[in-house]
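Before any comments, here is the structure.
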Amino acid sequence: MSGASSMPFALDDGQRRAAASVARYILVVAGPGSGKTRVLSHRFAHLLQNGSRPEDLLAITFTNRAALEMRGRIEALSSVEPRSLEISTFHSFALRLLKKSGLVFRLVTRIEQKEILKGAGVKDADGALERISAIKNGAEAMPPDFQGLFETYAEGLEKTGGLDLDDLIIKAVEAVENGVDPGKAHVLVDEFQDINPAQARLVRGLAKDASIFAIGDPDQAIYSFRGGSSRAFLDFEKDFPGAEVVRLAKNYRSGRVIVEASNALISRNIGRMGDDASAITDGGEITEVECRNEAAEASFIVKEIERLMGGLSSLTVGKDEDARFSDFAVLYRTNRLSESLKEAFEKSSIPFHIVAHPGPGLSELAAILRSTAFEGTLKETVERALKDLGAGEEITAMALNAVGSCEDGAEGLKTLADELLLLSPPDNLDIKADKVNIMTMHAAKGLEWRCVFVAGFEDGLVPFKARDGNIDFEEERRLFYVGLTRALSKAYLIHAKERRAYGEAREAKVSPFLGEIPPEFLKKVTLDKKPALRRPQQKGLFES
């Protein structure tokens with residue numbers, strides 16, 4: 001492998017050093033806006049240009065959406081056949097590895113999982129499945145009073161020859177440790193700060209025969225509830241002796257105000273890895289907005305988007321193109337805030353999309369595909385199944401997007417049925433669609449918009465207080481840090497004096513995180529306390 005000087009790409013010094021390193025083990029600390037996906041893609045392309053075959057390389061991402069983005073970038077940097085690139089999530093890789101190993105199994109649907117538990121007399125099957133998953137991926141120890149149900153569930157899976165999503169990783173670890181050769185010389189892992197103990201063990205197993213390139217940011221570790229931990233990131237040099245550590249020191253995304261404010265916020269956490277990235281772009285604006293209730297909050301967001309769409313100069317940081325609806329995002333901590341937002345957007349003429357899991361529809365579609373005879377092309381077969389299901393727009397879009405990653409033919413149909421079960425809420429997003437995206441801060445990971453509205457910026461929501469009263473301040477601070485750093489130019493932190501919860505209006509107080517942002521970086525707007533006159537609906541205002 002050649003040195004950094006051979007890199008023909010337009011990268012800064014830190015990015016070039018990471019992409020062209022000759023070390024076997026490489027850890028890249030890549031904060032918000034530092035070019036993480038760019039570096040990953042160039043690393044992959046550099047290995048191809050320096051003699052590696054496509055089949056020797058594996059890139060692991062956390063969502064199918066991220067895998068598609070990375071695949072597109074690599075295609076633009078190299079001339080290899082796209083289908084020869086193995087870029088996938090941990091679960092997709094584990095699924096292929098287990099099939100290669102000869103293990104006979106079937107991936108069970110969420111519906112089948114719930115049926116096993118309901119057969120055992122469990123009323124809250126979803127809650128039990130979350131707990132089982134937490135135990136399997138290392139987020140929770142086995143409570144003595146849960147052991148029996150856990151074993152009953154395992155027996156139910158075994159009777160059908162089934163594996164659930166967590167079993168895929170566990171079985172893949174066993175396969176690698178028992179000598180199954182994945183055939184990879186280089187493994188690149190994205191979002192390394194969020195891997196759980198089982199995934200970390202899988203990476204260590206792959207490292208027996210492969211180089212490891214891990215990239216991420218411990219300040220953005222936000223998945224402890226599913227077993228994710230920055231421990232593997234912080235222990236990388238111990239687990240992989242002789243590793244090279246590269247820090248990307250520049251934030252190319254956000255204006256200086258947003259970068260410095262978010263740096264001040266996250267600096268309050270302990271166990272961090274050193275210097276913060278510095279802003280490359282001046283400007284940026286953070287506005288605190290106080291309103292009466294959730295209805296006023298939603299109304300403000302709609303009106304502000306309409307106002308900003310009429311004035312490009314107030315929205316731009318280093319960009320010259322016209323503003324689009326897809327330049328805006330509304331983020332919140334919990335999905336229950338989406339109801340009032342949906343109502344306000346539906347009354348406007350603004351196109352929008354609420355990013356959430358489509359429910360049981362994907363499981364139902366997978367079941368139909370497993371019993372459907374392949375006829376015509378893969379796309380035609382899937383379209384017939386979608387029609388039989390009566391699938392809505394979201395299920396249809398997710399299914400047809402997944403078709404492109406599978407080979408045409410009967411085997412591709414079987415693969416697609418399994419792949420649909422691996423999709424997650426962030427995959428329910430078309431980043432090319434010109435719509436305002438509304439989603440949780442968790443789902444916003446890895447994305448960016450010129451203007452971000454953080455709704456529900458209140459104590460108990462940001463940070464989130466569990467029903468038992470517990471708050472993980474460090475994780476919640478990291479999550480808010482992720483939300484704030486999605487903004488290129490403008491960020492609005494919106495809090496209500498009163499918000500409905502569990503059917504009744506309750507007094508609300510601003511998030512304590514507001515006090516962790518230096519006041520010189522904040523503007524404040526207090527909305528009129530008087531009830532606003534109902535604005536007549538302006539149908540067609542933004543329609544072409």
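Residue numbering restarts at 1 for every chain of the structure tokens, chains are lettered A, B, ... in their displayed order, and ligands are numbered from 1 as they appear.
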Backbone-only DSSP, strand (DSSP E or B) members of stretch 172-360 of chain A, as a PyMOL selection string: chain A and resi 186-189+211-216+244-248+250-255+278-281+285-291+328-332+352-354
Excluding A:Glu75 and its own-chain neighbours fewer than 2 positions away, which residues fall within 12 Å of it when counting only C-alpha atoms? Please give them as an mmCIF file with N, CA and C atoms, in the first residue's frame.
```
data_model
loop_
_atom_site.group_PDB
_atom_site.id
_atom_site.type_symbol
_atom_site.label_atom_id
_atom_site.label_comp_id
_atom_site.auth_asym_id
_atom_site.auth_seq_id
_atom_site.Cartn_x
_atom_site.Cartn_y
_atom_site.Cartn_z
ATOM 1 N N SER A 41 -15.231 6.562 2.105
ATOM 2 C CA SER A 41 -15.329 6.256 0.673
ATOM 3 C C SER A 41 -13.967 6.317 0.001
ATOM 4 N N HIS A 42 -13.172 7.318 0.338
ATOM 5 C CA HIS A 42 -11.850 7.447 -0.262
ATOM 6 C C HIS A 42 -10.899 6.349 0.215
ATOM 7 N N PHE A 44 -11.846 3.282 0.923
ATOM 8 C CA PHE A 44 -12.275 2.125 0.142
ATOM 9 C C PHE A 44 -11.705 2.220 -1.276
ATOM 10 N N ALA A 45 -11.866 3.393 -1.910
ATOM 11 C CA ALA A 45 -11.376 3.582 -3.279
ATOM 12 C C ALA A 45 -9.853 3.476 -3.342
ATOM 13 N N LEU A 48 -8.825 -0.128 -3.413
ATOM 14 C CA LEU A 48 -9.063 -0.687 -4.745
ATOM 15 C C LEU A 48 -7.975 -0.273 -5.726
ATOM 16 N N PRO A 54 -12.322 -6.083 -5.226
ATOM 17 C CA PRO A 54 -13.570 -5.698 -4.545
ATOM 18 C C PRO A 54 -14.019 -6.733 -3.518
ATOM 19 N N LEU A 68 -26.120 2.801 1.101
ATOM 20 C CA LEU A 68 -26.427 3.276 -0.253
ATOM 21 C C LEU A 68 -25.652 4.543 -0.584
ATOM 22 N N GLU A 69 -25.563 5.454 0.396
ATOM 23 C CA GLU A 69 -24.814 6.693 0.168
ATOM 24 C C GLU A 69 -23.342 6.398 -0.078
ATOM 25 N N MET A 70 -22.776 5.526 0.738
ATOM 26 C CA MET A 70 -21.368 5.189 0.581
ATOM 27 C C MET A 70 -21.117 4.476 -0.741
ATOM 28 N N ARG A 71 -22.020 3.587 -1.121
ATOM 29 C CA ARG A 71 -21.873 2.877 -2.393
ATOM 30 C C ARG A 71 -21.831 3.864 -3.561
ATOM 31 N N GLY A 72 -22.711 4.855 -3.518
ATOM 32 C CA GLY A 72 -22.745 5.857 -4.579
ATOM 33 C C GLY A 72 -21.454 6.650 -4.666
ATOM 34 N N ARG A 73 -20.902 6.983 -3.513
ATOM 35 C CA ARG A 73 -19.643 7.748 -3.514
ATOM 36 C C ARG A 73 -18.486 6.923 -4.058
ATOM 37 N N LEU A 77 -15.849 7.223 -7.458
ATOM 38 C CA LEU A 77 -14.398 7.300 -7.302
ATOM 39 C C LEU A 77 -13.657 6.150 -7.982
ATOM 40 N N SER A 78 -14.386 5.133 -8.443
ATOM 41 C CA SER A 78 -13.735 3.959 -9.018
ATOM 42 C C SER A 78 -14.563 3.442 -10.184
ATOM 43 N N SER A 79 -14.034 2.458 -10.855
ATOM 44 C CA SER A 79 -14.714 1.914 -12.036
ATOM 45 C C SER A 79 -15.174 0.479 -11.823
ATOM 46 N N VAL A 80 -15.321 0.054 -10.566
ATOM 47 C CA VAL A 80 -15.694 -1.326 -10.305
ATOM 48 C C VAL A 80 -17.196 -1.515 -10.498
ATOM 49 N N GLU A 81 -17.592 -2.755 -10.717
ATOM 50 C CA GLU A 81 -19.000 -3.105 -10.838
ATOM 51 C C GLU A 81 -19.677 -2.891 -9.483
ATOM 52 N N PRO A 82 -20.731 -2.081 -9.413
ATOM 53 C CA PRO A 82 -21.361 -1.750 -8.129
ATOM 54 C C PRO A 82 -21.768 -2.964 -7.302
ATOM 55 N N ARG A 83 -22.291 -3.999 -7.959
ATOM 56 C CA ARG A 83 -22.754 -5.163 -7.207
ATOM 57 C C ARG A 83 -21.608 -5.967 -6.596
ATOM 58 N N SER A 84 -20.387 -5.691 -7.025
ATOM 59 C CA SER A 84 -19.243 -6.412 -6.464
ATOM 60 C C SER A 84 -18.791 -5.814 -5.137
ATOM 61 N N LEU A 85 -19.350 -4.667 -4.767
ATOM 62 C CA LEU A 85 -18.952 -3.992 -3.533
ATOM 63 C C LEU A 85 -19.783 -4.514 -2.370
ATOM 64 N N ILE A 87 -20.960 -3.594 0.869
ATOM 65 C CA ILE A 87 -21.174 -2.476 1.789
ATOM 66 C C ILE A 87 -22.526 -2.716 2.431
#
```
Could you list, as a PDB file with N, CA, C and O atoms, in the first residue's frame, every residue within 10 Å of A:Tyr25, counting only C-alpha atoms and ignoring same-chain residues fewer than 4 positions away?
```pdb
ATOM      1  N   SER A  21      -3.511   5.610   5.081  1.00  0.00           N
ATOM      2  CA  SER A  21      -2.625   5.036   6.088  1.00  0.00           C
ATOM      3  C   SER A  21      -2.199   3.616   5.708  1.00  0.00           C
ATOM      4  O   SER A  21      -2.974   2.847   5.133  1.00  0.00           O
ATOM      5  N   HIS A 186      -9.634  -6.491   4.213  1.00  0.00           N
ATOM      6  CA  HIS A 186      -9.781  -5.154   4.805  1.00  0.00           C
ATOM      7  C   HIS A 186     -11.230  -4.956   5.233  1.00  0.00           C
ATOM      8  O   HIS A 186     -12.153  -5.167   4.443  1.00  0.00           O
ATOM      9  N   VAL A 187     -11.417  -4.536   6.471  1.00  0.00           N
ATOM     10  CA  VAL A 187     -12.746  -4.271   7.007  1.00  0.00           C
ATOM     11  C   VAL A 187     -12.811  -2.824   7.475  1.00  0.00           C
ATOM     12  O   VAL A 187     -11.967  -2.373   8.260  1.00  0.00           O
ATOM     13  N   ALA A 207     -10.548  -9.367  12.585  1.00  0.00           N
ATOM     14  CA  ALA A 207      -9.192  -8.803  12.578  1.00  0.00           C
ATOM     15  C   ALA A 207      -8.106  -9.862  12.543  1.00  0.00           C
ATOM     16  O   ALA A 207      -6.929  -9.544  12.313  1.00  0.00           O
ATOM     17  N   ALA A 210      -7.674  -9.706   8.743  1.00  0.00           N
ATOM     18  CA  ALA A 210      -7.965  -8.484   7.992  1.00  0.00           C
ATOM     19  C   ALA A 210      -7.462  -7.243   8.725  1.00  0.00           C
ATOM     20  O   ALA A 210      -7.314  -7.247   9.953  1.00  0.00           O
ATOM     21  N   SER A 211      -7.215  -6.203   7.958  1.00  0.00           N
ATOM     22  CA  SER A 211      -6.951  -4.904   8.567  1.00  0.00           C
ATOM     23  C   SER A 211      -8.278  -4.316   9.022  1.00  0.00           C
ATOM     24  O   SER A 211      -9.331  -4.637   8.475  1.00  0.00           O
ATOM     25  N   ILE A 212      -8.225  -3.451  10.044  1.00  0.00           N
ATOM     26  CA  ILE A 212      -9.442  -2.831  10.571  1.00  0.00           C
ATOM     27  C   ILE A 212      -9.299  -1.312  10.487  1.00  0.00           C
ATOM     28  O   ILE A 212      -8.336  -0.740  11.005  1.00  0.00           O
ATOM     29  N   PHE A 213     -10.268  -0.692   9.843  1.00  0.00           N
ATOM     30  CA  PHE A 213     -10.348   0.767   9.748  1.00  0.00           C
ATOM     31  C   PHE A 213     -11.655   1.162  10.423  1.00  0.00           C
ATOM     32  O   PHE A 213     -12.742   0.875   9.913  1.00  0.00           O
ATOM     33  N   ALA A 214     -11.556   1.770  11.604  1.00  0.00           N
ATOM     34  CA  ALA A 214     -12.748   2.136  12.366  1.00  0.00           C
ATOM     35  C   ALA A 214     -12.846   3.650  12.444  1.00  0.00           C
ATOM     36  O   ALA A 214     -11.853   4.332  12.701  1.00  0.00           O
ATOM     37  N   PHE A 236      -9.812   0.916  21.694  1.00  0.00           N
ATOM     38  CA  PHE A 236      -9.314   0.434  20.403  1.00  0.00           C
ATOM     39  C   PHE A 236      -7.809   0.172  20.440  1.00  0.00           C
ATOM     40  O   PHE A 236      -7.333  -0.876  19.963  1.00  0.00           O
ATOM     41  N   GLU A 237      -7.049   1.084  20.987  1.00  0.00           N
ATOM     42  CA  GLU A 237      -5.585   0.915  21.003  1.00  0.00           C
ATOM     43  C   GLU A 237      -5.171  -0.251  21.893  1.00  0.00           C
ATOM     44  O   GLU A 237      -4.134  -0.872  21.644  1.00  0.00           O
ATOM     45  N   ASP A 239      -7.161  -2.994  22.344  1.00  0.00           N
ATOM     46  CA  ASP A 239      -7.606  -4.198  21.642  1.00  0.00           C
ATOM     47  C   ASP A 239      -6.786  -4.475  20.386  1.00  0.00           C
ATOM     48  O   ASP A 239      -6.648  -5.639  19.972  1.00  0.00           O
ATOM     49  N   PHE A 240      -6.251  -3.410  19.794  1.00  0.00           N
ATOM     50  CA  PHE A 240      -5.479  -3.542  18.554  1.00  0.00           C
ATOM     51  C   PHE A 240      -4.125  -2.840  18.721  1.00  0.00           C
ATOM     52  O   PHE A 240      -3.952  -1.686  18.302  1.00  0.00           O
ATOM     53  N   PRO A 241      -3.168  -3.512  19.366  1.00  0.00           N
ATOM     54  CA  PRO A 241      -1.859  -2.905  19.634  1.00  0.00           C
ATOM     55  C   PRO A 241      -1.194  -2.390  18.361  1.00  0.00           C
ATOM     56  O   PRO A 241      -1.251  -3.026  17.306  1.00  0.00           O
ATOM     57  N   GLY A 242      -0.568  -1.232  18.483  1.00  0.00           N
ATOM     58  CA  GLY A 242       0.117  -0.625  17.340  1.00  0.00           C
ATOM     59  C   GLY A 242      -0.806   0.179  16.445  1.00  0.00           C
ATOM     60  O   GLY A 242      -0.388   0.639  15.374  1.00  0.00           O
ATOM     61  N   ALA A 243      -2.051   0.370  16.862  1.00  0.00           N
ATOM     62  CA  ALA A 243      -3.009   1.095  16.033  1.00  0.00           C
ATOM     63  C   ALA A 243      -2.594   2.549  15.839  1.00  0.00           C
ATOM     64  O   ALA A 243      -2.020   3.173  16.730  1.00  0.00           O
ATOM     65  N   GLU A 244      -2.905   3.064  14.665  1.00  0.00           N
ATOM     66  CA  GLU A 244      -2.706   4.482  14.391  1.00  0.00           C
ATOM     67  C   GLU A 244      -4.020   5.214  14.648  1.00  0.00           C
ATOM     68  O   GLU A 244      -5.082   4.762  14.213  1.00  0.00           O
ATOM     69  N   VAL A 245      -3.935   6.342  15.364  1.00  0.00           N
ATOM     70  CA  VAL A 245      -5.117   7.150  15.652  1.00  0.00           C
ATOM     71  C   VAL A 245      -5.011   8.467  14.894  1.00  0.00           C
ATOM     72  O   VAL A 245      -4.007   9.178  14.996  1.00  0.00           O
TER      73      VAL A 245
END
```
Shell of 7 Å around A:Ala139, only C-alpha atoms, local chain residues under 5 positions omitted, as a PyMOL selection string: chain A and resi 134+224-227
Let's have the selection written as a PDB file, in the first residue's frame, with all heavy atoms.
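The resulting file, out.pdb, is reproduced below:
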```
ATOM      1  N   ALA A 134     -32.150  -6.549  24.528  1.00  0.00           N
ATOM      2  CA  ALA A 134     -31.157  -5.882  25.377  1.00  0.00           C
ATOM      3  C   ALA A 134     -30.241  -6.900  26.053  1.00  0.00           C
ATOM      4  O   ALA A 134     -29.032  -6.682  26.179  1.00  0.00           O
ATOM      5  CB  ALA A 134     -31.862  -5.024  26.421  1.00  0.00           C
ATOM      6  N   SER A 224     -26.980   3.468  23.730  1.00  0.00           N
ATOM      7  CA  SER A 224     -26.764   2.574  24.872  1.00  0.00           C
ATOM      8  C   SER A 224     -28.001   1.735  25.170  1.00  0.00           C
ATOM      9  O   SER A 224     -27.903   0.624  25.685  1.00  0.00           O
ATOM     10  CB  SER A 224     -26.385   3.388  26.111  1.00  0.00           C
ATOM     11  OG  SER A 224     -27.454   4.216  26.525  1.00  0.00           O
ATOM     12  N   PHE A 225     -29.189   2.237  24.814  1.00  0.00           N
ATOM     13  CA  PHE A 225     -30.420   1.494  25.088  1.00  0.00           C
ATOM     14  C   PHE A 225     -30.491   0.190  24.293  1.00  0.00           C
ATOM     15  O   PHE A 225     -31.270  -0.709  24.631  1.00  0.00           O
ATOM     16  CB  PHE A 225     -31.653   2.360  24.799  1.00  0.00           C
ATOM     17  CG  PHE A 225     -31.833   2.742  23.351  1.00  0.00           C
ATOM     18  CD1 PHE A 225     -32.554   1.938  22.492  1.00  0.00           C
ATOM     19  CD2 PHE A 225     -31.261   3.901  22.860  1.00  0.00           C
ATOM     20  CE1 PHE A 225     -32.713   2.294  21.154  1.00  0.00           C
ATOM     21  CE2 PHE A 225     -31.424   4.265  21.529  1.00  0.00           C
ATOM     22  CZ  PHE A 225     -32.145   3.455  20.671  1.00  0.00           C
ATOM     23  N   ARG A 226     -29.714   0.065  23.226  1.00  0.00           N
ATOM     24  CA  ARG A 226     -29.695  -1.193  22.480  1.00  0.00           C
ATOM     25  C   ARG A 226     -28.326  -1.875  22.591  1.00  0.00           C
ATOM     26  O   ARG A 226     -27.989  -2.745  21.807  1.00  0.00           O
ATOM     27  CB  ARG A 226     -30.062  -0.966  21.017  1.00  0.00           C
ATOM     28  CG  ARG A 226     -29.036  -0.211  20.208  1.00  0.00           C
ATOM     29  CD  ARG A 226     -29.501  -0.053  18.765  1.00  0.00           C
ATOM     30  NE  ARG A 226     -28.428   0.490  17.935  1.00  0.00           N
ATOM     31  CZ  ARG A 226     -28.586   0.944  16.707  1.00  0.00           C
ATOM     32  NH1 ARG A 226     -29.779   0.916  16.156  1.00  0.00           N
ATOM     33  NH2 ARG A 226     -27.561   1.411  16.014  1.00  0.00           N
ATOM     34  N   GLY A 227     -27.570  -1.474  23.606  1.00  0.00           N
ATOM     35  CA  GLY A 227     -26.299  -2.138  23.882  1.00  0.00           C
ATOM     36  C   GLY A 227     -25.092  -1.454  23.308  1.00  0.00           C
ATOM     37  O   GLY A 227     -23.954  -1.881  23.535  1.00  0.00           O
TER      38      GLY A 227
END
```
Near-A:Gly228 list (8 Å; only C-alpha atoms; drop same-chain fewer than 6 positions) as a PDB file with N, CA, C and O atoms, in the first residue's frame:
```pdb
ATOM      1  N   ALA A 139     -26.844  -5.081  26.609  1.00  0.00           N
ATOM      2  CA  ALA A 139     -27.258  -3.843  27.254  1.00  0.00           C
ATOM      3  C   ALA A 139     -27.812  -4.085  28.653  1.00  0.00           C
ATOM      4  O   ALA A 139     -27.891  -3.164  29.459  1.00  0.00           O
ATOM      5  N   GLN A 193     -18.382   4.039  17.393  1.00  0.00           N
ATOM      6  CA  GLN A 193     -18.708   4.344  18.789  1.00  0.00           C
ATOM      7  C   GLN A 193     -20.030   3.709  19.232  1.00  0.00           C
ATOM      8  O   GLN A 193     -20.318   3.662  20.424  1.00  0.00           O
ATOM      9  N   ASP A 194     -20.833   3.233  18.296  1.00  0.00           N
ATOM     10  CA  ASP A 194     -22.155   2.715  18.634  1.00  0.00           C
ATOM     11  C   ASP A 194     -22.271   1.203  18.556  1.00  0.00           C
ATOM     12  O   ASP A 194     -23.375   0.652  18.673  1.00  0.00           O
ATOM     13  N   ILE A 195     -21.169   0.494  18.350  1.00  0.00           N
ATOM     14  CA  ILE A 195     -21.285  -0.958  18.261  1.00  0.00           C
ATOM     15  C   ILE A 195     -21.488  -1.555  19.653  1.00  0.00           C
ATOM     16  O   ILE A 195     -21.017  -1.011  20.659  1.00  0.00           O
ATOM     17  N   ASN A 196     -22.220  -2.658  19.705  1.00  0.00           N
ATOM     18  CA  ASN A 196     -22.459  -3.310  20.992  1.00  0.00           C
ATOM     19  C   ASN A 196     -21.400  -4.391  21.226  1.00  0.00           C
ATOM     20  O   ASN A 196     -20.584  -4.680  20.342  1.00  0.00           O
ATOM     21  N   PRO A 197     -21.369  -4.995  22.413  1.00  0.00           N
ATOM     22  CA  PRO A 197     -20.309  -5.977  22.710  1.00  0.00           C
ATOM     23  C   PRO A 197     -20.238  -7.135  21.729  1.00  0.00           C
ATOM     24  O   PRO A 197     -19.140  -7.586  21.378  1.00  0.00           O
ATOM     25  N   ALA A 221     -22.060   8.931  20.615  1.00  0.00           N
ATOM     26  CA  ALA A 221     -22.510   7.601  21.026  1.00  0.00           C
ATOM     27  C   ALA A 221     -23.888   7.742  21.666  1.00  0.00           C
ATOM     28  O   ALA A 221     -24.016   8.268  22.764  1.00  0.00           O
ATOM     29  N   ILE A 222     -24.947   7.258  20.990  1.00  0.00           N
ATOM     30  CA  ILE A 222     -26.316   7.535  21.437  1.00  0.00           C
ATOM     31  C   ILE A 222     -27.200   6.293  21.470  1.00  0.00           C
ATOM     32  O   ILE A 222     -28.423   6.412  21.535  1.00  0.00           O
TER      33      ILE A 222
END
```
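Neighbouring residues of A:Leu40 at 8 Å or closer, counting only C-alpha atoms and skipping chain neighbours under 5 positions away, are A:Ala19, A:Met70, A:Leu188, A:Asp190, A:Ile215.
Take the candidates A:Ala23, A:Leu248, A:Val525, A:Leu420 and check each one against A:His91 using only C-alpha atoms; the shortest distance goes to A:Leu420.
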DSSP helix (DSSP H, G or I) selection over stretch 352-446 of chain A, as an MDAnalysis selection string: chainID A and resid 361:370 378:389 393:403 410:420 425:427
Residues from last step as file, N, CA and C atoms, as a short mmCIF file (atom, residue, chain, number, x, y, z; two decimals), in the first residue's frame:
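What follows is the written file out.cif:
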```
data_model
loop_
_atom_site.label_atom_id
_atom_site.label_comp_id
_atom_site.auth_asym_id
_atom_site.auth_seq_id
_atom_site.Cartn_x
_atom_site.Cartn_y
_atom_site.Cartn_z
N GLY A 361 -45.90 -3.80 8.47
CA GLY A 361 -46.03 -3.98 7.03
C GLY A 361 -44.86 -4.69 6.39
N LEU A 362 -43.63 -4.41 6.82
CA LEU A 362 -42.47 -5.07 6.23
C LEU A 362 -42.45 -6.56 6.55
N SER A 363 -42.84 -6.91 7.78
CA SER A 363 -42.92 -8.33 8.14
C SER A 363 -43.98 -9.04 7.30
N GLU A 364 -45.11 -8.37 7.11
CA GLU A 364 -46.18 -8.96 6.31
C GLU A 364 -45.75 -9.13 4.85
N LEU A 365 -45.02 -8.13 4.33
CA LEU A 365 -44.55 -8.23 2.95
C LEU A 365 -43.52 -9.35 2.81
N ALA A 366 -42.62 -9.47 3.79
CA ALA A 366 -41.62 -10.55 3.75
C ALA A 366 -42.29 -11.92 3.73
N ALA A 367 -43.35 -12.07 4.53
CA ALA A 367 -44.08 -13.34 4.56
C ALA A 367 -44.72 -13.65 3.21
N ILE A 368 -45.27 -12.62 2.56
CA ILE A 368 -45.88 -12.81 1.24
C ILE A 368 -44.81 -13.20 0.22
N LEU A 369 -43.67 -12.53 0.25
CA LEU A 369 -42.60 -12.81 -0.71
C LEU A 369 -42.07 -14.24 -0.55
N ARG A 370 -42.05 -14.73 0.68
CA ARG A 370 -41.55 -16.09 0.91
C ARG A 370 -42.46 -17.15 0.32
N LEU A 378 -37.51 -9.41 -10.66
CA LEU A 378 -37.63 -9.25 -9.21
C LEU A 378 -38.56 -8.07 -8.89
N LYS A 379 -38.37 -6.98 -9.60
CA LYS A 379 -39.20 -5.80 -9.35
C LYS A 379 -40.67 -6.09 -9.63
N GLU A 380 -40.95 -6.79 -10.72
CA GLU A 380 -42.34 -7.11 -11.07
C GLU A 380 -42.96 -8.03 -10.02
N THR A 381 -42.18 -9.00 -9.53
CA THR A 381 -42.68 -9.91 -8.50
C THR A 381 -43.00 -9.16 -7.23
N VAL A 382 -42.11 -8.24 -6.85
CA VAL A 382 -42.33 -7.44 -5.64
C VAL A 382 -43.53 -6.52 -5.80
N GLU A 383 -43.68 -5.93 -6.96
CA GLU A 383 -44.82 -5.03 -7.20
C GLU A 383 -46.14 -5.78 -7.07
N ARG A 384 -46.19 -7.04 -7.52
CA ARG A 384 -47.41 -7.83 -7.36
C ARG A 384 -47.68 -8.11 -5.88
N ALA A 385 -46.62 -8.42 -5.15
CA ALA A 385 -46.78 -8.68 -3.71
C ALA A 385 -47.25 -7.42 -2.98
N LEU A 386 -46.73 -6.28 -3.36
CA LEU A 386 -47.15 -5.02 -2.75
C LEU A 386 -48.63 -4.76 -3.01
N LYS A 387 -49.06 -5.08 -4.21
CA LYS A 387 -50.47 -4.91 -4.56
C LYS A 387 -51.35 -5.84 -3.74
N ASP A 388 -50.91 -7.11 -3.58
CA ASP A 388 -51.66 -8.07 -2.78
C ASP A 388 -51.77 -7.61 -1.32
N LEU A 389 -50.71 -7.00 -0.83
CA LEU A 389 -50.68 -6.52 0.55
C LEU A 389 -51.52 -5.26 0.73
N GLU A 393 -47.56 4.02 0.66
CA GLU A 393 -46.43 4.67 -0.02
C GLU A 393 -45.10 4.34 0.64
N GLU A 394 -45.05 4.35 1.97
CA GLU A 394 -43.78 4.15 2.67
C GLU A 394 -43.26 2.74 2.49
N ILE A 395 -44.13 1.73 2.69
CA ILE A 395 -43.71 0.34 2.52
C ILE A 395 -43.25 0.11 1.07
N THR A 396 -43.99 0.65 0.13
CA THR A 396 -43.66 0.48 -1.29
C THR A 396 -42.29 1.07 -1.60
N ALA A 397 -42.04 2.28 -1.12
CA ALA A 397 -40.76 2.94 -1.39
C ALA A 397 -39.60 2.15 -0.78
N MET A 398 -39.75 1.69 0.46
CA MET A 398 -38.67 0.95 1.12
C MET A 398 -38.40 -0.37 0.40
N ALA A 399 -39.46 -1.06 -0.01
CA ALA A 399 -39.30 -2.35 -0.69
C ALA A 399 -38.62 -2.18 -2.05
N LEU A 400 -39.06 -1.21 -2.82
CA LEU A 400 -38.49 -1.03 -4.16
C LEU A 400 -37.05 -0.52 -4.09
N ASN A 401 -36.73 0.26 -3.06
CA ASN A 401 -35.34 0.67 -2.88
C ASN A 401 -34.45 -0.53 -2.59
N ALA A 402 -34.99 -1.49 -1.80
CA ALA A 402 -34.21 -2.68 -1.45
C ALA A 402 -34.01 -3.61 -2.63
N VAL A 403 -34.91 -3.56 -3.63
CA VAL A 403 -34.78 -4.41 -4.81
C VAL A 403 -33.44 -4.21 -5.50
N ALA A 410 -34.99 -15.98 -8.51
CA ALA A 410 -35.65 -16.59 -7.36
C ALA A 410 -34.81 -16.45 -6.09
N GLU A 411 -33.49 -16.61 -6.21
CA GLU A 411 -32.63 -16.46 -5.03
C GLU A 411 -32.64 -15.03 -4.53
N GLY A 412 -32.67 -14.08 -5.47
CA GLY A 412 -32.75 -12.68 -5.09
C GLY A 412 -34.03 -12.39 -4.33
N LEU A 413 -35.11 -13.07 -4.68
CA LEU A 413 -36.38 -12.89 -3.99
C LEU A 413 -36.27 -13.36 -2.54
N LYS A 414 -35.62 -14.50 -2.33
CA LYS A 414 -35.42 -14.99 -0.97
C LYS A 414 -34.55 -14.03 -0.16
N THR A 415 -33.51 -13.52 -0.80
CA THR A 415 -32.63 -12.57 -0.13
C THR A 415 -33.39 -11.30 0.25
N LEU A 416 -34.21 -10.82 -0.68
CA LEU A 416 -34.96 -9.59 -0.44
C LEU A 416 -35.91 -9.76 0.74
N ALA A 417 -36.56 -10.88 0.84
CA ALA A 417 -37.48 -11.12 1.97
C ALA A 417 -36.76 -10.98 3.29
N ASP A 418 -35.53 -11.51 3.37
CA ASP A 418 -34.74 -11.38 4.60
C ASP A 418 -34.28 -9.93 4.80
N GLU A 419 -33.83 -9.30 3.74
CA GLU A 419 -33.30 -7.93 3.86
C GLU A 419 -34.37 -6.96 4.35
N LEU A 420 -35.62 -7.19 3.97
CA LEU A 420 -36.70 -6.30 4.43
C LEU A 420 -36.84 -6.33 5.95
N PRO A 425 -35.94 2.38 11.13
CA PRO A 425 -36.59 3.66 10.83
C PRO A 425 -35.78 4.63 9.97
N PRO A 426 -34.46 4.80 10.19
CA PRO A 426 -33.73 5.73 9.33
C PRO A 426 -33.74 5.35 7.85
N ASP A 427 -34.02 4.07 7.55
CA ASP A 427 -34.09 3.66 6.15
C ASP A 427 -35.37 4.15 5.48
#
```
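Of the listed residues (A:Lys342, A:Lys524, A:Lys171, A:Arg477), A:Lys524 comes nearest to A:Val289; the distances count only C-alpha atoms.
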